[in-house]
Amino acid sequence: MAEFEYGDEPKVVRETGNWRRFVMLWLIIGGIGLFIGSLAFHPLWLQIRRMTATEGAHGGVEYTLRWEGERHPVEVFRLQNRLWIHPGSVGENAPTGVEIAIQGSEEVYHSSLPWNEEREAFGPSRFQVAPVHDVPLRIKIWREEELLWEGVRWSFRTRK
């Protein structure tokens, strides 16, 4: 016997598969996996960076920074748990001021480093850093009122 269709009956349409939901689900699962993986591998990444960093004359990390079209070696080092910055160049074209702040906490851990004639470096910082911590620093290098360089560099714990 034939089935009858009436005009006022709703027609049920079967969902044949929503590929967008499937893709979104896998993107969310993949994002969570990447986040957990980054938490697990961040200490390993820091250890590799610490071991491959160039050690300077004061036992800190030496970076090559560029300002005014020239490369300048700058060392970030620690002395008695205080941070110091040793500019590679001294003389008339040398920087006259350095400001540092621990990345992410600029208000609490911010310091303008004074010039120290004895060490020929800027420092020490007003705040102390634990010797077992690797610290990302936001560094600003000045000459008089002109900003020469600004960026983030790491102060790695000592290898000794």
# chains A, B, ... in the order shown; residues from 1 in each chain; ligands from 1
call {"tool": "select_by_dssp", "arguments": {"residues": "chain A", "states": "strand (DSSP E)", "output": "PyMOL selection string"}}
result
chain A and resi 61-67+70-79+82-87+97-102+110-113+115-116+121-122+135-143+146-155
call {"tool": "atom_distance", "arguments": {"atom1": "CA of Pro73 in chain A", "atom2": "CA of Tyr109 in chain A"}}
result
24.4 Å
call {"tool": "atom_distance", "arguments": {"atom1": "CA of Arg50 in chain A", "atom2": "CA of Trp154 in chain A"}}
result
9.0 Å
call {"tool": "closest_atom_pairs", "arguments": {"of": "range 1-116 of chain A", "to": "range 132-137 of chain A", "cutoff": "9 Å", "atoms": "only C-alpha atoms", "output": "CSV"}}
result
residue,atom,partner,partner_atom,distance
A:Leu46,CA,A:Asp134,CA,8.0
A:Arg50,CA,A:Asp134,CA,8.6
A:Ile100,CA,A:Leu137,CA,6.3
A:Ala101,CA,A:Leu137,CA,5.6
A:Ile102,CA,A:Leu137,CA,4.6
A:Gln103,CA,A:Leu137,CA,5.2
A:Gly104,CA,A:Pro136,CA,8.8
call {"tool": "decode", "arguments": {"residues": "range 72-143 of chain A", "atoms": "C-alpha atoms", "output": "CSV table (one decimal), in the first residue's frame"}}
result
chain,number,residue,atom,x,y,z
A,72,HIS,CA,78.0,46.2,19.1
A,73,PRO,CA,78.7,43.4,21.6
A,74,VAL,CA,76.7,43.8,24.8
A,75,GLU,CA,77.1,41.5,27.8
A,76,VAL,CA,74.3,40.8,30.3
A,77,PHE,CA,75.8,39.4,33.5
A,78,ARG,CA,75.1,39.0,37.2
A,79,LEU,CA,77.3,40.0,40.1
A,80,GLN,CA,76.1,39.2,43.6
A,81,ASN,CA,72.6,38.5,42.2
A,82,ARG,CA,72.3,41.9,40.7
A,83,LEU,CA,72.1,42.5,36.9
A,84,TRP,CA,74.8,44.4,35.0
A,85,ILE,CA,75.1,45.4,31.3
A,86,HIS,CA,78.5,45.8,29.8
A,87,PRO,CA,78.5,47.7,26.5
A,88,GLY,CA,81.1,46.5,24.1
A,89,SER,CA,82.0,50.0,23.0
A,90,VAL,CA,83.3,52.8,25.3
A,91,GLY,CA,84.3,56.3,24.3
A,92,GLU,CA,82.4,59.2,22.7
A,93,ASN,CA,79.9,57.0,20.8
A,94,ALA,CA,79.2,54.8,23.8
A,95,PRO,CA,75.7,54.6,25.3
A,96,THR,CA,75.1,56.9,28.3
A,97,GLY,CA,72.2,55.1,29.9
A,98,VAL,CA,70.6,51.7,30.2
A,99,GLU,CA,67.2,50.7,31.6
A,100,ILE,CA,66.2,47.2,32.3
A,101,ALA,CA,63.0,45.5,33.4
A,102,ILE,CA,62.0,41.9,33.9
A,103,GLN,CA,59.7,41.1,31.0
A,104,GLY,CA,56.1,41.1,32.2
A,105,SER,CA,56.6,43.0,35.4
A,106,GLU,CA,57.9,46.4,34.3
A,107,GLU,CA,56.6,48.3,37.3
A,108,VAL,CA,58.0,46.1,40.1
A,109,TYR,CA,61.3,45.0,38.6
A,110,HIS,CA,62.4,48.1,36.7
A,111,SER,CA,65.8,49.8,37.1
A,112,SER,CA,67.8,52.5,35.4
A,113,LEU,CA,71.4,51.3,35.7
A,114,PRO,CA,74.0,53.8,36.7
A,115,TRP,CA,77.5,53.8,35.1
A,116,ASN,CA,80.1,52.1,37.2
A,117,GLU,CA,83.6,53.4,36.4
A,118,GLU,CA,85.4,50.6,38.2
A,119,ARG,CA,83.8,47.8,36.1
A,120,GLU,CA,83.2,49.9,33.0
A,121,ALA,CA,79.6,48.7,32.9
A,122,PHE,CA,76.1,49.8,33.8
A,123,GLY,CA,74.9,48.4,37.1
A,124,PRO,CA,74.0,47.1,39.5
A,125,SER,CA,70.2,46.8,39.3
A,126,ARG,CA,68.0,47.9,42.2
A,127,PHE,CA,66.4,44.4,42.4
A,128,GLN,CA,68.0,41.0,42.9
A,129,VAL,CA,67.6,37.9,40.8
A,130,ALA,CA,67.7,34.4,42.1
A,131,PRO,CA,70.9,32.7,40.8
A,132,VAL,CA,68.8,29.6,39.7
A,133,HIS,CA,66.4,31.5,37.4
A,134,ASP,CA,66.7,32.4,33.8
A,135,VAL,CA,65.2,35.9,33.4
A,136,PRO,CA,63.9,37.6,30.2
A,137,LEU,CA,64.8,41.3,30.3
A,138,ARG,CA,63.4,44.2,28.4
A,139,ILE,CA,66.5,46.4,27.7
A,140,LYS,CA,66.6,50.0,26.5
A,141,ILE,CA,70.0,51.5,25.6
A,142,TRP,CA,70.2,55.3,25.4
A,143,ARG,CA,72.7,57.9,24.3
